[in-house]
>>> print(open('query17.cif').read())   # mmCIF, C-alpha atoms and all ligand atoms
data_start
loop_
_atom_site.label_atom_id
_atom_site.label_comp_id
_atom_site.auth_asym_id
_atom_site.auth_seq_id
_atom_site.Cartn_x
_atom_site.Cartn_y
_atom_site.Cartn_z
CA MET A 1 117.98 72.85 94.38
CA GLN A 2 116.06 76.06 95.10
CA LYS A 3 113.92 77.49 92.33
CA THR A 4 114.75 81.11 91.49
CA ILE A 5 113.05 83.48 89.04
CA GLY A 6 113.70 86.73 90.96
CA ARG A 7 116.08 87.99 93.67
CA LEU A 8 114.62 85.53 96.18
CA PRO A 9 114.00 81.80 95.64
CA LEU A 10 110.38 80.65 95.42
CA PRO A 11 108.99 79.43 98.77
CA ASP A 12 109.86 75.91 99.91
CA GLY A 13 106.96 73.63 99.10
CA THR A 14 106.40 75.10 95.63
CA ALA A 15 107.38 73.59 92.28
CA LEU A 16 106.77 75.42 89.00
CA ARG A 17 105.58 72.18 87.39
CA LYS A 18 102.88 71.71 90.08
CA ILE A 19 100.24 73.92 88.54
CA ASP A 20 96.99 74.66 90.35
CA TRP A 21 94.69 74.08 87.38
CA VAL A 22 91.54 75.16 89.23
CA ALA A 23 93.11 78.58 89.85
CA VAL A 24 94.47 78.84 86.29
CA LEU A 25 91.11 77.95 84.73
CA THR A 26 89.10 80.17 87.08
CA ILE A 27 91.27 83.24 86.64
CA SER A 28 91.76 82.88 82.89
CA SER A 29 88.02 82.20 82.36
CA TYR A 30 87.04 85.34 84.27
CA HIS A 31 89.51 87.40 82.20
CA LEU A 32 88.21 85.93 78.92
CA VAL A 33 84.55 86.45 79.83
CA ALA A 34 85.36 90.02 80.98
CA LEU A 35 86.78 90.68 77.50
CA LEU A 36 83.23 90.30 76.13
CA ALA A 37 82.75 93.81 77.55
CA CYS A 38 84.61 95.02 74.43
CA LEU A 39 81.66 93.92 72.25
CA PRO A 40 79.12 96.74 71.71
CA TRP A 41 76.21 94.29 72.29
CA PHE A 42 77.20 94.02 75.97
CA PHE A 43 77.74 97.75 76.49
CA SER A 44 75.50 100.07 78.47
CA TRP A 45 76.44 103.08 80.58
CA ALA A 46 74.24 101.78 83.40
CA SER A 47 76.34 98.59 83.56
CA VAL A 48 79.58 100.57 83.59
CA TRP A 49 78.28 102.53 86.61
CA VAL A 50 77.19 99.31 88.31
CA MET A 51 80.74 98.03 87.80
CA VAL A 52 82.30 101.19 89.31
CA VAL A 53 79.97 101.15 92.33
CA GLY A 54 80.51 97.37 92.58
CA VAL A 55 84.28 97.82 92.92
CA PHE A 56 83.57 99.95 96.00
CA VAL A 57 80.85 97.77 97.50
CA PHE A 58 82.45 94.36 96.88
CA GLY A 59 86.14 95.22 96.79
CA TYR A 60 86.55 97.92 99.37
CA LEU A 61 83.86 96.88 101.88
CA GLY A 62 84.33 93.14 101.27
CA ILE A 63 88.07 92.66 100.80
CA ASN A 64 89.71 95.77 102.33
CA LEU A 65 87.44 96.41 105.26
CA CYS A 66 86.22 92.90 106.09
CA TYR A 67 88.76 90.28 104.96
CA HIS A 68 91.79 92.47 105.62
CA ARG A 69 91.28 95.03 108.38
CA LEU A 70 88.52 93.25 110.31
CA LEU A 71 89.03 89.47 109.99
CA THR A 72 92.80 89.26 109.45
CA HIS A 73 94.05 92.03 111.72
CA LYS A 74 91.14 92.55 114.15
CA GLY A 75 91.39 96.31 113.67
CA LEU A 76 87.69 96.79 114.43
CA VAL A 77 84.60 94.92 115.55
CA CYS A 78 81.25 95.01 113.73
CA PRO A 79 77.94 93.40 114.68
CA LYS A 80 78.02 89.80 113.41
CA TRP A 81 75.18 90.37 110.91
CA LEU A 82 77.16 93.24 109.33
CA GLU A 83 80.49 91.34 109.44
CA HIS A 84 78.89 88.36 107.71
CA THR A 85 77.24 90.63 105.12
CA PHE A 86 80.62 92.20 104.32
CA ALA A 87 82.15 88.69 104.20
CA VAL A 88 79.55 87.59 101.62
CA LEU A 89 80.49 90.63 99.51
CA ALA A 90 84.12 89.51 99.76
CA VAL A 91 83.22 85.93 98.78
CA CYS A 92 81.64 87.37 95.60
CA CYS A 93 85.12 88.72 94.73
CA ALA A 94 86.30 85.10 94.25
CA GLN A 95 89.53 85.62 96.20
CA ASP A 96 89.03 82.45 98.25
CA THR A 97 87.17 81.69 101.48
CA PRO A 98 87.60 83.96 104.53
CA ALA A 99 89.68 81.37 106.45
CA ARG A 100 92.17 80.74 103.63
CA TRP A 101 92.46 84.43 102.63
CA VAL A 102 93.11 85.37 106.27
CA GLY A 103 95.56 82.48 106.77
CA ILE A 104 97.64 83.33 103.72
CA HIS A 105 97.70 87.02 104.58
CA ARG A 106 98.78 86.37 108.18
CA TRP A 107 101.54 84.10 106.87
CA HIS A 108 102.61 86.96 104.55
CA HIS A 109 102.96 89.25 107.57
CA VAL A 110 105.02 86.69 109.49
CA LYS A 111 107.44 86.05 106.61
CA SER A 112 107.22 89.30 104.61
CA ASP A 113 109.77 89.41 101.80
CA GLU A 114 111.57 86.33 103.04
CA SER A 115 111.69 83.29 100.80
CA GLU A 116 108.73 81.71 102.64
CA ASP A 117 106.47 84.72 101.95
CA PRO A 118 103.84 83.18 99.64
CA HIS A 119 103.73 86.21 97.33
CA THR A 120 106.79 88.40 97.73
CA PRO A 121 107.54 90.23 94.45
CA LEU A 122 111.24 89.88 95.30
CA ALA A 123 110.82 86.36 93.92
CA GLY A 124 109.67 88.00 90.65
CA PRO A 125 107.15 90.85 90.03
CA PHE A 126 104.71 88.56 88.18
CA TRP A 127 105.07 85.93 90.89
CA GLY A 128 104.17 88.54 93.56
CA HIS A 129 101.22 89.86 91.56
CA MET A 130 99.41 86.68 90.47
CA GLY A 131 101.88 83.95 89.52
CA TRP A 132 101.90 82.57 93.08
CA ILE A 133 98.20 81.70 92.81
CA PHE A 134 98.83 79.41 89.83
CA ILE A 135 101.42 77.22 91.57
CA GLN A 136 100.64 74.79 94.37
CA ASN A 137 102.37 75.69 97.63
CA GLU A 138 102.31 73.10 100.42
CA GLN A 139 102.80 75.81 103.04
CA VAL A 140 99.51 77.49 102.17
CA ASP A 141 97.51 74.33 101.54
CA ARG A 142 94.08 74.71 103.04
CA TYR A 143 94.64 72.44 106.05
CA ALA A 144 98.20 73.57 106.71
CA ILE A 145 97.17 77.22 106.82
CA TYR A 146 93.94 76.66 108.78
CA THR A 147 95.62 75.02 111.75
CA ARG A 148 98.41 77.57 111.89
CA PHE A 149 96.69 80.85 111.14
CA ALA A 150 92.91 80.66 110.86
CA LYS A 151 91.63 78.72 113.90
CA ASP A 152 89.84 81.80 115.24
CA ILE A 153 88.00 82.33 111.93
CA LEU A 154 86.85 78.70 111.82
CA ARG A 155 85.38 78.94 115.31
CA ASP A 156 82.59 80.97 113.69
CA PRO A 157 80.06 78.43 112.30
CA PHE A 158 79.25 80.79 109.41
CA TYR A 159 82.85 80.74 108.15
CA LYS A 160 83.27 77.05 108.90
CA LYS A 161 80.28 76.24 106.68
CA LEU A 162 81.92 78.16 103.84
CA GLU A 163 84.77 75.63 104.06
CA THR A 164 82.82 72.45 104.63
CA THR A 165 79.78 72.88 102.38
CA ALA A 166 79.22 74.04 98.80
CA ARG A 167 78.16 77.49 100.02
CA TYR A 168 81.27 79.31 98.78
CA PRO A 169 80.80 78.48 95.07
CA MET A 170 77.01 78.72 95.46
CA ILE A 171 77.25 82.33 96.67
CA ILE A 172 79.49 83.22 93.72
CA VAL A 173 77.27 81.57 91.11
CA GLY A 174 74.18 82.94 92.86
CA SER A 175 75.58 86.46 92.47
CA TRP A 176 75.97 85.88 88.70
CA LEU A 177 72.30 84.89 88.46
CA LEU A 178 71.22 87.82 90.62
CA PHE A 179 72.93 90.36 88.38
CA PHE A 180 71.56 88.76 85.21
CA LEU A 181 67.99 88.49 86.53
CA ALA A 182 68.10 92.03 87.96
CA GLY A 183 68.97 93.32 84.48
CA VAL A 184 66.18 91.30 82.84
CA VAL A 185 63.53 92.41 85.36
CA ILE A 186 64.56 96.09 85.31
CA GLU A 187 64.43 96.23 81.50
CA LEU A 188 61.03 94.49 81.41
CA LEU A 189 59.67 96.91 84.03
CA LEU A 190 60.90 99.79 81.88
CA GLY A 191 58.83 98.41 78.99
CA GLY A 192 61.63 96.77 77.01
CA SER A 193 61.11 93.65 74.88
CA LEU A 194 62.30 90.20 76.04
CA GLY A 195 65.29 90.50 73.70
CA GLN A 196 66.26 93.88 75.17
CA ALA A 197 65.77 92.47 78.68
CA ILE A 198 68.13 89.56 78.01
CA GLN A 199 70.67 91.96 76.46
CA PHE A 200 70.61 94.26 79.52
CA GLY A 201 70.80 91.25 81.87
CA ALA A 202 73.85 90.00 79.98
CA SER A 203 75.38 93.48 80.04
CA LEU A 204 74.96 93.72 83.83
CA LEU A 205 76.44 90.24 84.22
CA ILE A 206 79.54 90.98 82.13
CA TRP A 207 80.26 94.46 83.53
CA GLY A 208 78.77 94.14 87.02
CA VAL A 209 80.31 90.74 87.81
CA PHE A 210 83.15 89.73 85.49
CA VAL A 211 84.78 93.10 84.72
CA ARG A 212 84.31 94.15 88.34
CA THR A 213 85.86 90.93 89.69
CA VAL A 214 88.89 91.23 87.40
CA VAL A 215 89.37 94.89 88.39
CA VAL A 216 89.14 94.04 92.11
CA TRP A 217 91.61 91.14 91.65
CA HIS A 218 94.25 93.36 90.09
CA VAL A 219 93.63 96.09 92.65
CA THR A 220 94.16 93.61 95.51
CA TRP A 221 97.15 91.97 93.83
CA SER A 222 98.80 95.36 93.22
CA VAL A 223 99.14 95.70 97.00
CA ASN A 224 101.19 92.49 97.08
CA SER A 225 103.29 93.39 94.05
CA LEU A 226 103.67 97.18 93.57
CA ALA A 227 103.48 98.11 97.26
CA HIS A 228 106.44 95.82 98.03
CA LEU A 229 108.53 97.26 95.17
CA TYR A 230 107.87 100.97 94.58
CA GLY A 231 107.20 103.92 96.88
CA TYR A 232 108.53 105.60 100.01
CA ARG A 233 108.93 104.27 103.54
CA ASN A 234 107.86 106.02 106.76
CA TYR A 235 109.14 103.15 108.91
CA ASN A 236 112.23 101.00 108.88
CA THR A 237 110.38 97.66 108.82
CA PRO A 238 112.36 94.46 108.22
CA ASP A 239 110.47 93.85 104.93
CA ASP A 240 110.41 95.84 101.66
CA SER A 241 106.89 97.26 102.11
CA ARG A 242 106.29 100.71 100.59
CA ASN A 243 103.77 103.50 100.71
CA ASN A 244 102.66 103.71 97.10
CA TRP A 245 100.48 106.63 95.96
CA PHE A 246 99.06 104.84 92.94
CA VAL A 247 98.14 101.73 94.91
CA ALA A 248 96.69 103.85 97.74
CA LEU A 249 94.51 105.65 95.20
CA VAL A 250 93.13 102.54 93.49
CA THR A 251 92.67 100.62 96.77
CA LEU A 252 91.24 103.54 98.77
CA GLY A 253 94.03 103.37 101.34
CA GLU A 254 95.56 99.88 101.28
CA GLY A 255 98.56 101.25 99.39
CA TRP A 256 100.00 102.85 102.57
CA HIS A 257 101.52 99.44 102.94
CA ASN A 258 104.72 100.35 104.78
CA ASN A 259 102.57 101.99 107.48
CA HIS A 260 100.47 98.83 107.55
CA HIS A 261 103.47 96.51 107.97
CA ALA A 262 104.80 98.76 110.75
CA ASP A 263 101.50 98.62 112.65
CA ALA A 264 99.41 95.80 111.23
CA ARG A 265 96.53 95.92 113.73
CA SER A 266 95.73 99.57 113.14
CA ALA A 267 92.51 100.01 111.14
CA ARG A 268 93.94 103.29 109.88
CA HIS A 269 96.59 102.78 107.18
CA GLY A 270 97.18 106.42 106.25
CA HIS A 271 99.38 107.83 109.04
CA ARG A 272 100.38 111.27 107.70
CA TRP A 273 97.84 114.02 106.96
CA PHE A 274 98.25 113.62 103.20
CA GLU A 275 97.96 109.81 103.24
CA ILE A 276 94.29 109.66 102.34
CA ASP A 277 92.62 106.47 103.53
CA LEU A 278 88.97 106.36 102.47
CA THR A 279 88.53 102.82 103.79
CA PHE A 280 89.33 104.18 107.25
CA SER A 281 86.88 107.05 106.65
CA VAL A 282 84.17 104.43 106.05
CA ILE A 283 85.21 102.70 109.31
CA GLN A 284 84.95 106.04 111.15
CA LEU A 285 81.49 106.54 109.68
CA LEU A 286 80.43 103.07 110.85
CA GLU A 287 81.86 103.87 114.29
CA ARG A 288 79.87 107.12 114.49
CA VAL A 289 76.59 105.39 113.70
CA GLY A 290 77.31 102.58 116.17
CA LEU A 291 78.12 99.86 113.62
CA ALA A 292 81.84 99.57 114.44
CA SER A 293 83.62 99.50 117.80
CA GLU A 294 87.07 98.75 119.26
CA VAL A 295 88.60 100.53 116.26
CA VAL A 296 92.40 100.26 116.57
CA ARG A 297 94.30 103.49 115.87
CA PRO A 298 98.03 103.65 115.01
CA SER A 299 100.27 102.96 117.99
CA LYS A 300 101.10 106.15 119.86
CA ARG A 301 104.69 105.05 120.42
CA LEU A 302 105.21 104.56 116.70
CA MET A 303 103.69 107.95 115.95
CA ASP A 304 105.73 109.72 118.63
CA ASP A 305 108.94 108.22 117.24
CA LYS A 306 108.07 109.63 113.82
CA LYS A 307 106.46 112.83 115.19
CA ILE A 308 103.30 112.06 113.21
CA ASP A 309 100.05 113.74 114.21
CA THR A 310 97.62 110.93 115.00
CA SER A 311 94.41 112.94 115.28
CA ASP A 312 91.72 111.50 112.95
ZN ZN B 401 102.61 93.20 102.44
ZN ZN B 402 97.74 92.99 106.32
#
>>> encode(input="query17.cif", output="structure tokens")
Amino acid sequence: MQKTIGRLPLPDGTALRKIDWVAVLTISSYHLVALLACLPWFFSWASVWVMVVGVFVFGYLGINLCYHRLLTHKGLVCPKWLEHTFAVLAVCCAQDTPARWVGIHRWHHVKSDESEDPHTPLAGPFWGHMGWIFIQNEQVDRYAIYTRFAKDILRDPFYKKLETTARYPMIIVGSWLLFFLAGVVIELLLGGSLGQAIQFGASLLIWGVFVRTVVVWHVTWSVNSLAHLYGYRNYNTPDDSRNNWFVALVTLGEGWHNNHHADARSARHGHRWFEIDLTFSVIQLLERVGLASEVVRPSKRLMDDKKIDTSD
């Protein structure tokens, strides 16, 4: 019998009783540790600013630009050293390895808002947002998804090593240590005591890593949930994707999700003049300074049909 908690049944290959405990423990631990930010001992304005800048650096450059527009959809090409740097930033967001993230997202595009879509919110808003991560799904098992949707990613030895060695968790844990030690060293250099140095290191760790990671998670997940439920549509795509102002604002452009489903390869998600897409502005900047090439613009045919001005 098919399992239903929303308008659509959950994907075949899932069972609500088959819980992915690693995902549950990881995500709940991050949320609990992030809550320490509510304690005054961990507070400092410097750490809050590091968190805000970190959302841009790790979330927008790592997840939006690299995992999504570059690796998944090949909307641009960057020099390998820069691509790998952006990929490391994305790894620090703890949203899975490049190959699995790309594989799941490509599968989402193939089956958008059908019952096999791994995270359609039509199977339940909470399911679409984060519930799908907590339940094992045979269709997006690592090896199933690699062979179907991520062979090209695994041809790159750098990404392959992230799958086959302990590098993925080591980078994440290494980033925790880096933030803590940076805080300790900075405070000591400023003449603080050892106690003050440990306090500032802990503050940077909680705000700069855990709060930032939780914020970036919910920002990314809101694309999967809110931008398939609420908003307007420029294009009559076969899925329920929407252009959602709120999501576009908090994701710096990923919320123009109906545009994206209509023309997935385009590195530019905002198609109309008022659809501000700061992630694409960063890509244009990289292109101007010679660090991005083969940048894919929205399809002219699509634009002509809608009479949308495509000039950047
Ligand atoms: Zn989507
Ligand atoms: Zn996509």
>>> closest_residue(input="query17.cif", among="A:His261, A:His228, A:His218, A:Arg17", to="ligand ZN 402 (chain B)", atoms="all atoms listed in the file")
A:His261
>>> residues_around(input="query17.cif", residues="Tyr235 in chain A", least_positions_apart="5", cutoff="7 Å", atoms="all atoms listed in the file", output="JSON list (two decimals) with C-alpha atoms, in the frame of the given file")
[["chain", "number", "residue", "atom", "x", "y", "z"],
["A", 258, "ASN", "CA", 104.72, 100.35, 104.78],
["A", 259, "ASN", "CA", 102.57, 101.99, 107.48],
["A", 262, "ALA", "CA", 104.80, 98.76, 110.75]]
>>> atom_distance(input="query17.cif", atom1="CA of Tyr159 in chain A", atom2="CA of Ala99 in chain A")
7.1 Å
>>> atom_distance(input="query17.cif", atom1="CA of Met130 in chain A", atom2="CA of Val33 in chain A")
18.3 Å
>>> residues_near_ligand(input="query17.cif", ligand="ligand ZN 401 (chain B)", cutoff="8 Å", atoms="only C-alpha atoms and all ligand atoms", output="ChimeraX atom specification")
/A:108-109,112,120,223-224,227-228,241,257-258,260-261
>>> residues_around(input="query17.cif", residues="Ser115 in chain A", least_positions_apart="6", cutoff="7 Å", atoms="all atoms listed in the file", output="NGL selection string")
:A and (8-11)
>>> closest_atom_pairs(input="query17.cif", of="chain A", to="ligand ZN 402 (chain B)", cutoff="12 Å", atoms="only C-alpha atoms and all ligand atoms", output="CSV")
residue,atom,partner,partner_atom,distance
A:Ile63,CA,B:ZN402,ZN,11.1
A:Asn64,CA,B:ZN402,ZN,9.4
A:Leu65,CA,B:ZN402,ZN,10.9
A:Cys66,CA,B:ZN402,ZN,11.5
A:Tyr67,CA,B:ZN402,ZN,9.5
A:His68,CA,B:ZN402,ZN,6.0
A:Arg69,CA,B:ZN402,ZN,7.1
A:Leu70,CA,B:ZN402,ZN,10.0
A:Leu71,CA,B:ZN402,ZN,10.1
A:Thr72,CA,B:ZN402,ZN,6.9
A:His73,CA,B:ZN402,ZN,6.6
A:Lys74,CA,B:ZN402,ZN,10.3
A:Gly75,CA,B:ZN402,ZN,10.3
A:Trp101,CA,B:ZN402,ZN,10.7
A:Val102,CA,B:ZN402,ZN,8.9
A:Gly103,CA,B:ZN402,ZN,10.7
A:Ile104,CA,B:ZN402,ZN,10.0
A:His105,CA,B:ZN402,ZN,6.2
A:Arg106,CA,B:ZN402,ZN,7.0
A:Trp107,CA,B:ZN402,ZN,9.7
A:His108,CA,B:ZN402,ZN,8.0
A:His109,CA,B:ZN402,ZN,6.5
A:Val110,CA,B:ZN402,ZN,10.1
A:Lys111,CA,B:ZN402,ZN,11.9
A:Ser112,CA,B:ZN402,ZN,10.3
A:Thr220,CA,B:ZN402,ZN,11.4
A:Val223,CA,B:ZN402,ZN,9.8
A:Asn224,CA,B:ZN402,ZN,9.9
A:Ala227,CA,B:ZN402,ZN,11.9
A:Ser241,CA,B:ZN402,ZN,10.9
A:Glu254,CA,B:ZN402,ZN,8.8
A:Gly255,CA,B:ZN402,ZN,10.8
A:Trp256,CA,B:ZN402,ZN,10.8
A:His257,CA,B:ZN402,ZN,8.2
A:Asn258,CA,B:ZN402,ZN,10.3
A:Asn259,CA,B:ZN402,ZN,10.3
A:His260,CA,B:ZN402,ZN,6.6
A:His261,CA,B:ZN402,ZN,6.9
A:Ala262,CA,B:ZN402,ZN,10.1
A:Asp263,CA,B:ZN402,ZN,9.3
A:Ala264,CA,B:ZN402,ZN,5.9
A:Arg265,CA,B:ZN402,ZN,8.1
A:Ser266,CA,B:ZN402,ZN,9.7
A:Ala267,CA,B:ZN402,ZN,10.0
A:Arg268,CA,B:ZN402,ZN,11.5
A:His269,CA,B:ZN402,ZN,9.9
>>> atom_distance(input="query17.cif", atom1="CA of Val295 in chain A", atom2="CA of Val77 in chain A")
6.9 Å
>>> residues_around(input="query17.cif", residues="Arg7 in chain A", least_positions_apart="4", cutoff="9 Å", atoms="only C-alpha atoms", output="short mmCIF file (atom, residue, chain, number, x, y, z; two decimals) with C-alpha atoms, in the coordinates of the input")
data_model
loop_
_atom_site.label_atom_id
_atom_site.label_comp_id
_atom_site.auth_asym_id
_atom_site.auth_seq_id
_atom_site.Cartn_x
_atom_site.Cartn_y
_atom_site.Cartn_z
CA PRO A 121 107.54 90.23 94.45
CA LEU A 122 111.24 89.88 95.30
CA ALA A 123 110.82 86.36 93.92
CA GLY A 124 109.67 88.00 90.65
#
>>> closest_residue(input="query17.cif", among="A:Gly131, A:Pro79, A:Pro157, A:Gly195", to="Leu16 in chain A", atoms="all atoms listed in the file")
A:Gly131
>>> build_atoms(input="query17.cif", residues="range 218-231 of chain A", atoms="N, CA, C and O atoms", output="PDB file, keeping the file's coordinate frame")
ATOM      1  N   HIS A 218      92.984  92.680  90.363  1.00  0.00           N
ATOM      2  CA  HIS A 218      94.250  93.360  90.090  1.00  0.00           C
ATOM      3  C   HIS A 218      94.526  94.477  91.103  1.00  0.00           C
ATOM      4  O   HIS A 218      95.682  94.752  91.426  1.00  0.00           O
ATOM      5  N   VAL A 219      93.451  95.079  91.608  1.00  0.00           N
ATOM      6  CA  VAL A 219      93.630  96.090  92.650  1.00  0.00           C
ATOM      7  C   VAL A 219      94.223  95.432  93.901  1.00  0.00           C
ATOM      8  O   VAL A 219      95.201  95.903  94.474  1.00  0.00           O
ATOM      9  N   THR A 220      93.636  94.316  94.321  1.00  0.00           N
ATOM     10  CA  THR A 220      94.160  93.610  95.510  1.00  0.00           C
ATOM     11  C   THR A 220      95.585  93.133  95.270  1.00  0.00           C
ATOM     12  O   THR A 220      96.465  93.306  96.127  1.00  0.00           O
ATOM     13  N   TRP A 221      95.818  92.528  94.108  1.00  0.00           N
ATOM     14  CA  TRP A 221      97.150  91.970  93.830  1.00  0.00           C
ATOM     15  C   TRP A 221      98.219  93.058  93.735  1.00  0.00           C
ATOM     16  O   TRP A 221      99.389  92.800  94.024  1.00  0.00           O
ATOM     17  N   SER A 222      97.809  94.283  93.329  1.00  0.00           N
ATOM     18  CA  SER A 222      98.800  95.360  93.220  1.00  0.00           C
ATOM     19  C   SER A 222      99.369  95.725  94.592  1.00  0.00           C
ATOM     20  O   SER A 222     100.487  96.220  94.694  1.00  0.00           O
ATOM     21  N   VAL A 223      98.598  95.465  95.646  1.00  0.00           N
ATOM     22  CA  VAL A 223      99.140  95.700  97.000  1.00  0.00           C
ATOM     23  C   VAL A 223     100.314  94.751  97.235  1.00  0.00           C
ATOM     24  O   VAL A 223     101.377  95.146  97.723  1.00  0.00           O
ATOM     25  N   ASN A 224     100.131  93.486  96.875  1.00  0.00           N
ATOM     26  CA  ASN A 224     101.190  92.490  97.080  1.00  0.00           C
ATOM     27  C   ASN A 224     102.398  92.734  96.189  1.00  0.00           C
ATOM     28  O   ASN A 224     103.525  92.449  96.588  1.00  0.00           O
ATOM     29  N   SER A 225     102.164  93.226  94.978  1.00  0.00           N
ATOM     30  CA  SER A 225     103.290  93.390  94.050  1.00  0.00           C
ATOM     31  C   SER A 225     103.869  94.800  94.138  1.00  0.00           C
ATOM     32  O   SER A 225     104.965  95.001  94.683  1.00  0.00           O
ATOM     33  N   LEU A 226     103.119  95.814  93.663  1.00  0.00           N
ATOM     34  CA  LEU A 226     103.670  97.180  93.570  1.00  0.00           C
ATOM     35  C   LEU A 226     104.061  97.746  94.931  1.00  0.00           C
ATOM     36  O   LEU A 226     105.096  98.401  95.057  1.00  0.00           O
ATOM     37  N   ALA A 227     103.216  97.499  95.953  1.00  0.00           N
ATOM     38  CA  ALA A 227     103.480  98.110  97.260  1.00  0.00           C
ATOM     39  C   ALA A 227     104.572  97.379  98.052  1.00  0.00           C
ATOM     40  O   ALA A 227     104.823  97.700  99.214  1.00  0.00           O
ATOM     41  N   HIS A 228     105.211  96.397  97.438  1.00  0.00           N
ATOM     42  CA  HIS A 228     106.440  95.820  98.030  1.00  0.00           C
ATOM     43  C   HIS A 228     107.640  96.124  97.143  1.00  0.00           C
ATOM     44  O   HIS A 228     108.724  95.581  97.359  1.00  0.00           O
ATOM     45  N   LEU A 229     107.424  96.954  96.100  1.00  0.00           N
ATOM     46  CA  LEU A 229     108.530  97.260  95.170  1.00  0.00           C
ATOM     47  C   LEU A 229     108.784  98.763  95.042  1.00  0.00           C
ATOM     48  O   LEU A 229     109.937  99.202  95.037  1.00  0.00           O
ATOM     49  N   TYR A 230     107.712  99.550  94.920  1.00  0.00           N
ATOM     50  CA  TYR A 230     107.870 100.970  94.580  1.00  0.00           C
ATOM     51  C   TYR A 230     107.168 101.850  95.613  1.00  0.00           C
ATOM     52  O   TYR A 230     106.051 101.544  96.008  1.00  0.00           O
ATOM     53  N   GLY A 231     107.823 102.961  95.970  1.00  0.00           N
ATOM     54  CA  GLY A 231     107.200 103.920  96.880  1.00  0.00           C
ATOM     55  C   GLY A 231     108.156 104.297  97.993  1.00  0.00           C
ATOM     56  O   GLY A 231     109.318 103.868  98.009  1.00  0.00           O
TER      57      GLY A 231
END
